[in-house]
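Everything below belongs to target-v7.tsv, which stores TSV, C-alpha atoms (C1' of nucleotides).
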```tsv
chain	number	residue	atom	x	y	z
A	6	MET	CA	7.42	-48.69	-33.81
A	7	THR	CA	10.38	-46.60	-34.88
A	8	THR	CA	8.26	-43.46	-34.78
A	9	GLU	CA	6.97	-44.35	-31.37
A	10	GLU	CA	10.49	-44.96	-30.13
A	11	VAL	CA	11.71	-41.56	-31.27
A	12	THR	CA	8.64	-39.89	-29.86
A	13	ARG	CA	9.04	-41.53	-26.50
A	14	ALA	CA	12.75	-40.76	-26.31
A	15	ARG	CA	11.82	-37.10	-26.24
A	16	ALA	CA	8.53	-37.52	-24.50
A	17	GLY	CA	10.31	-39.12	-21.55
A	18	GLN	CA	11.41	-35.63	-20.65
A	19	CYS	CA	14.78	-36.07	-22.23
A	20	GLU	CA	16.00	-38.13	-19.32
A	21	GLU	CA	19.21	-39.19	-21.04
A	22	GLN	CA	20.47	-35.65	-21.28
A	23	ARG	CA	19.35	-34.47	-17.88
A	24	PRO	CA	22.02	-34.64	-15.21
A	25	THR	CA	20.37	-37.33	-13.10
A	26	GLU	CA	22.84	-39.87	-14.44
A	27	GLY	CA	25.77	-37.56	-13.63
A	28	GLN	CA	28.30	-38.09	-10.89
A	29	ALA	CA	26.21	-37.40	-7.83
A	30	ALA	CA	22.72	-38.68	-8.75
A	31	GLN	CA	20.89	-35.45	-7.95
A	32	ALA	CA	17.64	-35.79	-6.09
A	33	PHE	CA	16.12	-32.52	-7.28
A	34	ASP	CA	14.69	-31.63	-10.68
A	35	VAL	CA	13.22	-28.19	-11.37
A	36	PHE	CA	11.40	-29.63	-14.37
A	37	ALA	CA	9.30	-31.92	-12.19
A	38	ARG	CA	5.99	-30.42	-11.15
A	39	LEU	CA	6.05	-31.77	-7.60
A	40	CYS	CA	9.76	-31.54	-6.85
A	41	PRO	CA	10.53	-29.28	-3.89
A	42	SER	CA	13.21	-27.56	-5.96
A	43	ARG	CA	10.50	-26.56	-8.42
A	44	GLU	CA	8.50	-24.99	-5.62
A	45	VAL	CA	11.53	-22.98	-4.56
A	46	PHE	CA	12.32	-22.08	-8.15
A	47	ALA	CA	8.79	-20.88	-8.81
A	48	GLU	CA	8.97	-18.49	-5.89
A	49	LEU	CA	12.33	-17.03	-6.85
A	50	ALA	CA	11.67	-16.81	-10.58
A	51	ASP	CA	9.50	-13.72	-10.63
A	52	LYS	CA	10.43	-10.20	-11.57
A	53	TRP	CA	10.15	-8.65	-8.12
A	54	SER	CA	12.28	-11.21	-6.29
A	55	LEU	CA	14.94	-11.06	-8.97
A	56	LEU	CA	14.98	-7.25	-9.04
A	57	ILE	CA	15.21	-7.12	-5.25
A	58	LEU	CA	18.17	-9.49	-5.27
A	59	MET	CA	19.81	-7.41	-8.00
A	60	SER	CA	19.23	-4.21	-6.07
A	61	LEU	CA	20.69	-5.62	-2.87
A	62	ALA	CA	23.68	-6.96	-4.78
A	63	ALA	CA	24.27	-3.67	-6.60
A	64	CYS	CA	23.66	-1.21	-3.78
A	65	GLY	CA	24.34	-3.15	-0.59
A	66	PRO	CA	22.07	-3.31	2.49
A	67	GLN	CA	18.96	-1.25	2.10
A	68	ARG	CA	15.94	-0.17	4.11
A	69	PHE	CA	12.41	-1.05	3.09
A	70	SER	CA	11.67	2.33	1.58
A	71	GLU	CA	15.02	2.50	-0.17
A	72	LEU	CA	14.24	-0.78	-1.84
A	73	GLN	CA	10.82	0.48	-2.81
A	74	ARG	CA	12.35	3.50	-4.52
A	75	GLY	CA	15.20	1.46	-5.99
A	76	VAL	CA	12.96	-1.18	-7.54
A	77	GLY	CA	10.78	1.13	-9.56
A	78	GLY	CA	7.09	0.31	-9.57
A	79	VAL	CA	7.02	-2.30	-6.82
A	80	SER	CA	4.06	-1.98	-4.48
A	81	ARG	CA	4.56	-2.18	-0.73
A	82	LYS	CA	2.53	-5.34	-0.68
A	83	MET	CA	4.66	-7.16	-3.22
A	84	LEU	CA	7.86	-5.83	-1.70
A	85	THR	CA	6.86	-7.13	1.72
A	86	GLN	CA	5.76	-10.46	0.28
A	87	SER	CA	8.89	-10.99	-1.80
A	88	LEU	CA	11.19	-9.97	1.03
A	89	ARG	CA	9.43	-12.36	3.42
A	90	ASN	CA	9.93	-15.15	0.91
A	91	LEU	CA	13.59	-14.37	0.45
A	92	GLU	CA	14.01	-14.15	4.21
A	93	ARG	CA	12.15	-17.40	4.78
A	94	SER	CA	14.35	-19.26	2.32
A	95	GLY	CA	17.52	-17.99	3.94
A	96	LEU	CA	18.60	-15.65	1.15
A	97	VAL	CA	18.07	-12.34	2.90
A	98	LEU	CA	18.55	-11.11	6.45
A	99	ARG	CA	16.06	-8.71	7.99
A	100	THR	CA	17.44	-6.63	10.85
A	101	VAL	CA	15.42	-4.30	13.04
A	102	PHE	CA	17.37	-1.58	14.82
A	103	PRO	CA	15.45	-0.70	17.99
A	104	GLU	CA	15.97	3.01	17.63
A	105	THR	CA	13.27	5.65	17.56
A	106	PRO	CA	11.99	5.50	14.97
A	107	PRO	CA	12.98	1.86	14.35
A	108	ARG	CA	15.00	1.14	11.25
A	109	VAL	CA	14.63	-2.07	9.26
A	110	VAL	CA	17.51	-3.10	7.02
A	111	TYR	CA	17.65	-5.92	4.51
A	112	ASP	CA	20.88	-7.53	3.40
A	113	LEU	CA	21.98	-10.57	1.42
A	114	LEU	CA	23.01	-13.70	3.26
A	115	PRO	CA	25.72	-15.87	1.63
A	116	LEU	CA	23.08	-18.01	-0.07
A	117	GLY	CA	21.37	-14.94	-1.46
A	118	ARG	CA	24.66	-13.46	-2.60
A	119	GLU	CA	25.39	-16.63	-4.56
A	120	LEU	CA	22.06	-16.38	-6.31
A	121	ALA	CA	22.37	-12.64	-6.87
A	122	GLU	CA	25.65	-13.21	-8.66
A	123	LEU	CA	23.87	-15.49	-11.11
A	124	VAL	CA	20.95	-13.12	-11.53
A	125	ALA	CA	22.90	-9.91	-12.12
A	126	PRO	CA	24.16	-10.97	-15.58
A	127	LEU	CA	20.58	-11.64	-16.54
A	128	GLY	CA	19.64	-8.04	-15.88
A	129	GLN	CA	22.70	-6.75	-17.69
A	130	TRP	CA	21.99	-9.00	-20.66
A	131	THR	CA	18.42	-7.72	-20.80
A	132	GLU	CA	19.64	-4.12	-20.88
A	133	ARG	CA	22.18	-4.92	-23.59
A	134	ARG	CA	19.71	-6.80	-25.78
A	135	ALA	CA	16.55	-4.83	-25.09
A	136	GLY	CA	16.97	-2.94	-28.35
A	137	GLN	CA	17.18	-6.11	-30.41
A	138	MET	CA	14.21	-7.66	-28.67
A	139	MET	CA	12.08	-4.58	-29.16
A	140	ALA	CA	12.96	-4.54	-32.83
A	141	ALA	CA	12.04	-8.22	-33.11
A	142	ARG	CA	8.70	-7.45	-31.50
A	143	GLN	CA	7.90	-4.70	-33.94
A	144	GLU	CA	8.71	-7.01	-36.82
A	145	PHE	CA	6.61	-9.79	-35.34
A	146	ASP	CA	3.68	-7.50	-34.64
A	147	ALA	CA	3.84	-6.03	-38.13
A	148	ALA	CA	3.96	-9.49	-39.72
A	149	HIS	CA	0.98	-10.67	-37.67
A	150	ALA	CA	-1.07	-7.51	-38.11
A	151	GLU	CA	-1.89	-8.24	-41.73
A	152	GLY	CA	-5.19	-10.06	-41.57
B	21	MET	CA	20.81	18.28	6.27
B	22	THR	CA	23.41	15.55	6.66
B	23	THR	CA	20.73	12.99	7.30
B	24	GLU	CA	18.79	14.18	4.31
B	25	GLU	CA	21.89	13.95	2.17
B	26	VAL	CA	22.58	10.35	3.12
B	27	THR	CA	18.96	9.44	2.66
B	28	ARG	CA	18.84	10.97	-0.77
B	29	ALA	CA	22.08	9.34	-1.83
B	30	ARG	CA	20.35	6.00	-1.46
B	31	ALA	CA	16.91	7.19	-2.31
B	32	GLY	CA	18.21	8.38	-5.67
B	33	GLN	CA	18.21	4.74	-6.63
B	34	CYS	CA	21.88	4.32	-5.96
B	35	GLU	CA	22.72	6.13	-9.16
B	36	GLU	CA	26.42	6.41	-8.36
B	37	GLN	CA	26.89	2.68	-8.35
B	38	ARG	CA	24.67	1.89	-11.31
B	39	PRO	CA	26.47	1.57	-14.61
B	40	THR	CA	24.93	4.63	-16.25
B	41	GLU	CA	28.20	6.52	-15.76
B	42	GLY	CA	30.20	3.64	-17.25
B	43	GLN	CA	31.93	3.62	-20.61
B	44	ALA	CA	28.96	3.46	-22.98
B	45	ALA	CA	26.26	5.51	-21.20
B	46	GLN	CA	23.61	2.78	-21.31
B	47	ALA	CA	20.14	3.91	-22.22
B	48	PHE	CA	18.32	1.03	-20.52
B	49	ASP	CA	17.71	0.39	-16.85
B	50	VAL	CA	15.71	-2.61	-15.66
B	51	PHE	CA	15.16	-0.89	-12.33
B	52	ALA	CA	13.16	1.89	-13.95
B	53	ARG	CA	9.44	1.25	-14.01
B	54	LEU	CA	8.84	2.67	-17.47
B	55	CYS	CA	12.05	1.60	-19.20
B	56	PRO	CA	11.45	-0.71	-22.19
B	57	SER	CA	14.10	-3.06	-20.85
B	58	ARG	CA	12.00	-3.48	-17.72
B	59	GLU	CA	9.02	-4.45	-19.82
B	60	VAL	CA	11.08	-7.07	-21.60
B	61	PHE	CA	12.59	-8.24	-18.32
B	62	ALA	CA	9.19	-8.59	-16.69
B	63	GLU	CA	8.00	-10.88	-19.47
B	64	LEU	CA	11.06	-13.10	-19.40
B	65	ALA	CA	11.40	-13.29	-15.63
B	66	ASP	CA	8.65	-15.78	-14.89
B	67	LYS	CA	8.94	-19.45	-14.12
B	68	TRP	CA	7.41	-20.78	-17.32
B	69	SER	CA	9.49	-18.73	-19.73
B	70	LEU	CA	12.67	-19.60	-17.88
B	71	LEU	CA	11.82	-23.31	-17.70
B	72	ILE	CA	10.99	-23.37	-21.41
B	73	LEU	CA	14.31	-21.77	-22.25
B	74	MET	CA	16.09	-24.25	-20.01
B	75	SER	CA	14.30	-27.17	-21.60
B	76	LEU	CA	15.11	-26.03	-25.12
B	77	ALA	CA	18.74	-25.49	-24.14
B	78	ALA	CA	19.00	-28.88	-22.44
B	79	CYS	CA	17.11	-31.04	-24.91
B	80	GLY	CA	17.33	-29.21	-28.23
B	81	PRO	CA	14.42	-28.46	-30.57
B	82	GLN	CA	11.11	-29.74	-29.27
B	83	ARG	CA	7.52	-30.01	-30.35
B	84	PHE	CA	4.69	-28.37	-28.45
B	85	SER	CA	3.63	-31.53	-26.65
B	86	GLU	CA	7.20	-32.52	-25.90
B	87	LEU	CA	7.68	-29.19	-24.19
B	88	GLN	CA	4.47	-29.68	-22.30
B	89	ARG	CA	5.65	-33.00	-20.97
B	90	GLY	CA	9.19	-31.71	-20.39
B	91	VAL	CA	8.12	-28.68	-18.38
B	92	GLY	CA	6.07	-30.46	-15.77
B	93	GLY	CA	2.83	-28.80	-14.79
B	94	VAL	CA	2.65	-26.15	-17.49
B	95	SER	CA	-0.82	-25.67	-18.93
B	96	ARG	CA	-1.33	-25.55	-22.69
B	97	LYS	CA	-2.49	-21.98	-22.37
B	98	MET	CA	0.58	-20.77	-20.52
B	99	LEU	CA	2.86	-22.78	-22.78
B	100	THR	CA	1.31	-21.19	-25.86
B	101	GLN	CA	1.45	-17.75	-24.31
B	102	SER	CA	5.05	-18.03	-23.15
B	103	LEU	CA	6.20	-19.47	-26.46
B	104	ARG	CA	4.48	-16.66	-28.36
B	105	ASN	CA	6.27	-14.15	-26.19
B	106	LEU	CA	9.62	-15.77	-26.71
B	107	GLU	CA	8.96	-15.98	-30.43
B	108	ARG	CA	7.83	-12.37	-30.57
B	109	SER	CA	10.98	-11.13	-28.87
B	110	GLY	CA	13.20	-13.07	-31.25
B	111	LEU	CA	14.41	-15.69	-28.78
B	112	VAL	CA	12.66	-18.74	-30.20
B	113	LEU	CA	11.86	-19.95	-33.70
B	114	ARG	CA	8.54	-21.66	-34.42
B	115	THR	CA	8.52	-23.92	-37.45
B	116	VAL	CA	5.46	-25.66	-38.87
B	117	PHE	CA	6.09	-28.76	-40.97
B	118	PRO	CA	3.14	-29.09	-43.34
B	119	GLU	CA	2.84	-32.85	-42.96
B	120	THR	CA	-0.24	-34.75	-41.98
B	121	PRO	CA	-0.65	-34.34	-39.14
B	122	PRO	CA	1.31	-31.08	-39.06
B	123	ARG	CA	4.29	-30.92	-36.78
B	124	VAL	CA	5.30	-27.73	-34.93
B	125	VAL	CA	8.84	-27.47	-33.66
B	126	TYR	CA	10.32	-24.83	-31.38
B	127	ASP	CA	14.02	-24.05	-31.28
B	128	LEU	CA	16.30	-21.41	-29.79
B	129	LEU	CA	17.51	-18.56	-31.94
B	130	PRO	CA	20.98	-17.13	-31.18
B	131	LEU	CA	19.49	-14.47	-28.90
B	132	GLY	CA	17.55	-17.11	-27.00
B	133	ARG	CA	20.59	-19.33	-26.74
B	134	GLU	CA	22.53	-16.49	-25.15
B	135	LEU	CA	19.83	-16.01	-22.56
B	136	ALA	CA	19.40	-19.73	-21.98
B	137	GLU	CA	23.09	-20.00	-21.16
B	138	LEU	CA	22.63	-17.44	-18.40
B	139	VAL	CA	19.45	-19.08	-17.12
B	140	ALA	CA	20.68	-22.67	-16.98
B	141	PRO	CA	23.03	-22.04	-14.03
B	142	LEU	CA	20.09	-20.58	-12.16
B	143	GLY	CA	18.21	-23.86	-12.42
B	144	GLN	CA	21.26	-25.89	-11.45
B	145	TRP	CA	21.91	-23.64	-8.49
B	146	THR	CA	18.32	-24.05	-7.34
B	147	GLU	CA	18.63	-27.82	-7.48
B	148	ARG	CA	21.93	-27.73	-5.59
B	149	ARG	CA	20.66	-25.40	-2.86
B	150	ALA	CA	17.05	-26.56	-2.60
B	151	GLY	CA	17.89	-28.61	0.48
B	152	GLN	CA	19.37	-25.64	2.31
B	153	MET	CA	16.49	-23.41	1.37
B	154	MET	CA	13.90	-25.91	2.51
B	155	ALA	CA	15.72	-26.26	5.81
B	156	ALA	CA	15.79	-22.48	6.20
B	157	ARG	CA	12.05	-22.40	5.59
B	158	GLN	CA	11.31	-24.98	8.24
B	159	GLU	CA	13.39	-23.03	10.71
B	160	PHE	CA	11.68	-19.79	9.76
B	161	ASP	CA	8.21	-21.28	9.95
B	162	ALA	CA	8.95	-22.88	13.31
B	163	ALA	CA	10.31	-19.60	14.69
B	164	HIS	CA	7.23	-17.70	13.50
B	165	ALA	CA	4.67	-20.29	14.58
B	166	GLU	CA	5.03	-19.43	18.24
B	167	GLY	CA	2.34	-16.82	18.86
C	5	DC	C1'	-1.27	21.48	13.65
C	6	DT	C1'	-0.65	19.74	9.40
C	7	DT	C1'	2.45	17.41	6.68
C	8	DG	C1'	5.58	13.93	5.76
C	9	DG	C1'	8.46	9.62	6.42
C	10	DC	C1'	8.80	5.04	8.46
C	11	DG	C1'	7.45	-0.08	7.90
C	12	DG	C1'	4.29	-2.25	7.28
C	13	DT	C1'	-1.13	-4.42	7.14
C	14	DC	C1'	-5.84	-4.53	5.22
C	15	DT	C1'	-9.36	-4.34	1.84
C	16	DC	C1'	-11.18	-4.09	-2.58
C	17	DC	C1'	-11.16	-4.71	-7.52
C	18	DA	C1'	-9.02	-5.86	-11.86
C	19	DA	C1'	-5.98	-8.87	-14.10
C	20	DT	C1'	-4.07	-13.21	-14.46
C	21	DA	C1'	-3.39	-18.43	-14.01
C	22	DT	C1'	-5.22	-22.88	-14.02
C	23	DA	C1'	-8.38	-26.63	-15.13
C	24	DG	C1'	-11.03	-28.45	-18.32
C	25	DA	C1'	-14.01	-28.62	-22.46
C	26	DC	C1'	-13.79	-28.33	-27.35
C	27	DC	C1'	-12.04	-28.48	-32.29
C	28	DA	C1'	-10.64	-30.53	-36.96
C	29	DG	C1'	-8.00	-33.70	-38.86
C	30	DG	C1'	-5.59	-38.12	-38.82
C	31	DT	C1'	-4.15	-42.85	-36.72
C	32	DC	C1'	-4.67	-46.93	-34.20
C	33	DT	C1'	-7.37	-50.71	-32.23
C	34	DC	C1'	-10.86	-53.92	-32.16
D	14	DG	C1'	-16.55	-49.01	-39.13
D	15	DA	C1'	-16.93	-47.29	-34.09
D	16	DG	C1'	-14.47	-45.61	-30.36
D	17	DA	C1'	-10.42	-43.90	-28.44
D	18	DC	C1'	-6.35	-41.19	-28.85
D	19	DC	C1'	-2.69	-37.76	-30.59
D	20	DT	C1'	-1.74	-33.20	-32.70
D	21	DG	C1'	-1.53	-27.93	-31.63
D	22	DG	C1'	-4.03	-25.16	-30.17
D	23	DT	C1'	-8.49	-21.97	-28.58
D	24	DC	C1'	-12.29	-20.85	-25.36
D	25	DT	C1'	-14.58	-20.55	-20.95
D	26	DA	C1'	-15.35	-20.67	-16.05
D	27	DT	C1'	-13.29	-20.33	-11.79
D	28	DA	C1'	-9.47	-19.68	-8.42
D	29	DT	C1'	-5.57	-17.03	-7.46
D	30	DT	C1'	-2.94	-13.09	-7.63
D	31	DG	C1'	-1.42	-8.20	-8.26
D	32	DG	C1'	-1.89	-3.35	-7.68
D	33	DA	C1'	-4.17	0.97	-5.71
D	34	DG	C1'	-5.04	3.07	-1.91
D	35	DA	C1'	-6.68	3.48	2.97
D	36	DC	C1'	-5.11	2.88	7.51
D	37	DC	C1'	-1.94	2.30	11.60
D	38	DG	C1'	1.22	4.11	15.53
D	39	DC	C1'	5.08	6.69	16.07
D	40	DC	C1'	8.27	10.43	15.26
D	41	DA	C1'	10.31	14.93	13.18
D	42	DA	C1'	10.01	19.24	10.67
D	43	DG	C1'	7.79	23.45	9.40
```

Would you encode the structure as structure tokens?
Amino acid sequence: MTTEEVTRARAGQCEEQRPTEGQAAQAFDVFARLCPSREVFAELADKWSLLILMSLAACGPQRFSELQRGVGGVSRKMLTQSLRNLERSGLVLRTVFPETPPRVVYDLLPLGRELAELVAPLGQWTERRAGQMMAARQEFDAAHAEG
Amino acid sequence: MTTEEVTRARAGQCEEQRPTEGQAAQAFDVFARLCPSREVFAELADKWSLLILMSLAACGPQRFSELQRGVGGVSRKMLTQSLRNLERSGLVLRTVFPETPPRVVYDLLPLGRELAELVAPLGQWTERRAGQMMAARQEFDAAHAEG
DNA sequence: CTTGGCGGTCTCCAATATAGACCAGGTCTC
DNA sequence: GAGACCTGGTCTATATTGGAGACCGCCAAG
């Protein structure tokens, strides 16, 4: 009984500690498989989308091919796809200048700028800690190589 | 010539504005395809790893099956894989208690806690703005449905 | 006239994600 | 004591996805 109680306290997805009970009774929960916020989260939380946001935040409005060069290794397909997603969700504005040849420029909308400001530290942190993490990997790999 | 200059200023991956010239001449650049920090970034920047970090930060140490229930929709395979990655990079500690039946508990290491503190706001932001983003999508889809 | 850039789309193939079975041990129920 | 279930995974088959590269119309430079 006691064991079961403890188990279920955690098993119940830690409801106590999640902010549902907070001040404003939030409707969204990224931890829930079918919550719309999860769907949104899943689309934003991939390397290309995050790098694109970081690039736009760091370098300002950019054309398609500038982004492709700036975000090293991204394929045109994934760049198009990620940009469409960001545009669709209201994070990025796509502007076509009807010149000859036409120019297409992508820029952050306020919503995207908000997110980009949260994402930028993540990239900086990764650069700062990359050394430590690579060292940890070597250690781990060495320890698990002995068979 | 002038056009080419401007183009190359941006094309050169916005080097001016990137922190390479800063105080400590950083060796790592997540924007570079072959930089080790990019490799690390690419592994961390996926929905499952981020949700796992968030869950560990929000609910403390958890067992495998607790995590599986907590992170809704994650498959055992992806959970195992993501946890191994986090463990390998020194972000998460895996402890086996040799009881019967054995218990396996995952917890954040200091490095992982640092990252989790940067990631948590991302989840909260998504929950706060999910409504706006879903509205933007509807608008976008409606605008692009007319053929 | 060939080459290159622009902003994509399309197709194909390899890699990856998911669903689900399976496993060895132990517990709980009936 | 038989059957069902929980534990922390692994393995396999299938669906989805990602990347490489071709192609497109249009324009400019050499």

Next item on the list: Using only C-alpha atoms (C1' of nucleotides), select each residue of chain C with any atom at most 9 Å away from an atom of chain A, and give the selection as a list of chain:residue names.
Entry: C:DC10, C:DG11, C:DG12, C:DT13

Margin query: Neighbouring residues of range 65-69 of chain B were defined as those with any atom within 6 Å, considering only C-alpha atoms (C1' of nucleotides); residues of the same chain fewer than 4 positions away were excluded. Please report them as a PyMOL selection string.
Written below: (chain A and resi 47+50-52) or (chain B and resi 61+102)

May I have a table of the residues of chain D lying at most 9 Å from chain B, giving each one's closest pair of atoms and their distance in Å to one decimal, counting all atoms listed in the file, ordered by chain and ascending residue number, as JSON lines?
```
{"residue": "D:DT20", "atom": "C1'", "partner": "B:Pro121", "partner_atom": "CA", "distance": 6.6}
{"residue": "D:DG21", "atom": "C1'", "partner": "B:Phe84", "partner_atom": "CA", "distance": 7.0}
{"residue": "D:DG22", "atom": "C1'", "partner": "B:Thr100", "partner_atom": "CA", "distance": 7.9}
{"residue": "D:DT23", "atom": "C1'", "partner": "B:Lys97", "partner_atom": "CA", "distance": 8.6}
```

Notebook entry, point to check: CA of Thr146 in chain B and CA of Arg38 in chain A are how many Å apart?
Noted result: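 Separation of CA of Thr146 in chain B and CA of Arg38 in chain A: 14.4 Å.
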
Wanna dump the chain A-chain B contacts at 7 Å for me, each residue with its shortest atom pair and the distance in Å to one decimal, counting all atoms listed in the file, ordered by chain and number, as JSON lines?
```
{"residue": "A:Arg15", "atom": "CA", "partner": "B:Glu86", "partner_atom": "CA", "distance": 6.5}
{"residue": "A:Ala16", "atom": "CA", "partner": "B:Glu86", "partner_atom": "CA", "distance": 5.4}
{"residue": "A:Gln18", "atom": "CA", "partner": "B:Gly90", "partner_atom": "CA", "distance": 4.5}
{"residue": "A:Cys19", "atom": "CA", "partner": "B:Cys79", "partner_atom": "CA", "distance": 6.2}
{"residue": "A:Gln22", "atom": "CA", "partner": "B:Cys79", "partner_atom": "CA", "distance": 6.8}
{"residue": "A:Phe33", "atom": "CA", "partner": "B:Glu147", "partner_atom": "CA", "distance": 5.3}
{"residue": "A:Asp34", "atom": "CA", "partner": "B:Glu147", "partner_atom": "CA", "distance": 6.3}
{"residue": "A:Val35", "atom": "CA", "partner": "B:Glu147", "partner_atom": "CA", "distance": 6.7}
{"residue": "A:Phe36", "atom": "CA", "partner": "B:Val91", "partner_atom": "CA", "distance": 5.3}
{"residue": "A:Ala37", "atom": "CA", "partner": "B:Gly92", "partner_atom": "CA", "distance": 5.0}
{"residue": "A:Arg38", "atom": "CA", "partner": "B:Gly92", "partner_atom": "CA", "distance": 4.6}
{"residue": "A:Ser42", "atom": "CA", "partner": "B:Ala150", "partner_atom": "CA", "distance": 5.2}
{"residue": "A:Val45", "atom": "CA", "partner": "B:Ala150", "partner_atom": "CA", "distance": 6.9}
{"residue": "A:Phe46", "atom": "CA", "partner": "B:Thr146", "partner_atom": "CA", "distance": 6.4}
{"residue": "A:Ala47", "atom": "CA", "partner": "B:Lys67", "partner_atom": "CA", "distance": 5.5}
{"residue": "A:Ala50", "atom": "CA", "partner": "B:Lys67", "partner_atom": "CA", "distance": 5.2}
{"residue": "A:Asp51", "atom": "CA", "partner": "B:Asp66", "partner_atom": "CA", "distance": 4.8}
{"residue": "A:Lys52", "atom": "CA", "partner": "B:Ala65", "partner_atom": "CA", "distance": 5.2}
{"residue": "A:Cys64", "atom": "CA", "partner": "B:Cys34", "partner_atom": "CA", "distance": 6.2}
{"residue": "A:Glu71", "atom": "CA", "partner": "B:Ala31", "partner_atom": "CA", "distance": 5.5}
{"residue": "A:Arg74", "atom": "CA", "partner": "B:Ala31", "partner_atom": "CA", "distance": 6.3}
{"residue": "A:Gly75", "atom": "CA", "partner": "B:Gln33", "partner_atom": "CA", "distance": 4.5}
{"residue": "A:Val76", "atom": "CA", "partner": "B:Phe51", "partner_atom": "CA", "distance": 5.3}
{"residue": "A:Gly77", "atom": "CA", "partner": "B:Arg53", "partner_atom": "CA", "distance": 4.6}
{"residue": "A:Gly78", "atom": "CA", "partner": "B:Arg53", "partner_atom": "CA", "distance": 5.1}
{"residue": "A:Arg93", "atom": "CA", "partner": "B:Arg157", "partner_atom": "CA", "distance": 5.1}
{"residue": "A:Ser94", "atom": "CA", "partner": "B:Met153", "partner_atom": "CA", "distance": 4.8}
{"residue": "A:Gly95", "atom": "CA", "partner": "B:Ala156", "partner_atom": "CA", "distance": 5.3}
{"residue": "A:Leu123", "atom": "CA", "partner": "B:Leu142", "partner_atom": "CA", "distance": 6.4}
{"residue": "A:Leu127", "atom": "CA", "partner": "B:Leu138", "partner_atom": "CA", "distance": 6.4}
{"residue": "A:Gly128", "atom": "CA", "partner": "B:Val50", "partner_atom": "CA", "distance": 6.7}
{"residue": "A:Thr131", "atom": "CA", "partner": "B:Ser57", "partner_atom": "CA", "distance": 6.4}
{"residue": "A:Glu132", "atom": "CA", "partner": "B:Phe48", "partner_atom": "CA", "distance": 5.3}
{"residue": "A:Ala135", "atom": "CA", "partner": "B:Ser57", "partner_atom": "CA", "distance": 5.2}
{"residue": "A:Met138", "atom": "CA", "partner": "B:Ser109", "partner_atom": "CA", "distance": 4.7}
{"residue": "A:Met139", "atom": "CA", "partner": "B:Ser109", "partner_atom": "CA", "distance": 6.6}
{"residue": "A:Ala141", "atom": "CA", "partner": "B:Ser109", "partner_atom": "CA", "distance": 5.3}
{"residue": "A:Arg142", "atom": "CA", "partner": "B:Ser109", "partner_atom": "CA", "distance": 5.1}
{"residue": "A:Phe145", "atom": "CA", "partner": "B:Arg108", "partner_atom": "CA", "distance": 5.6}
```

Item checked: Point-to-point distance in Å for CA of Ser95 in chain B and CA of Gly132 in chain B ->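 Distance reported for this atom pair: 21.8 Å.
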
Item checked: Atomic distance CA of Val110 in chain A - CA of His164 in chain B, expressed in Å with one decimal ->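 For CA of Val110 in chain A relative to CA of His164 in chain B, the distance reads 19.0 Å.
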
Notebook entry, point to check: Could you pull the residues within 12 Å of DC17 in chain C, counting only C-alpha atoms (C1' of nucleotides), minus those fewer than 5 positions along the same chain, as a PyMOL selection string?
Noted result: chain D and resi 30-34
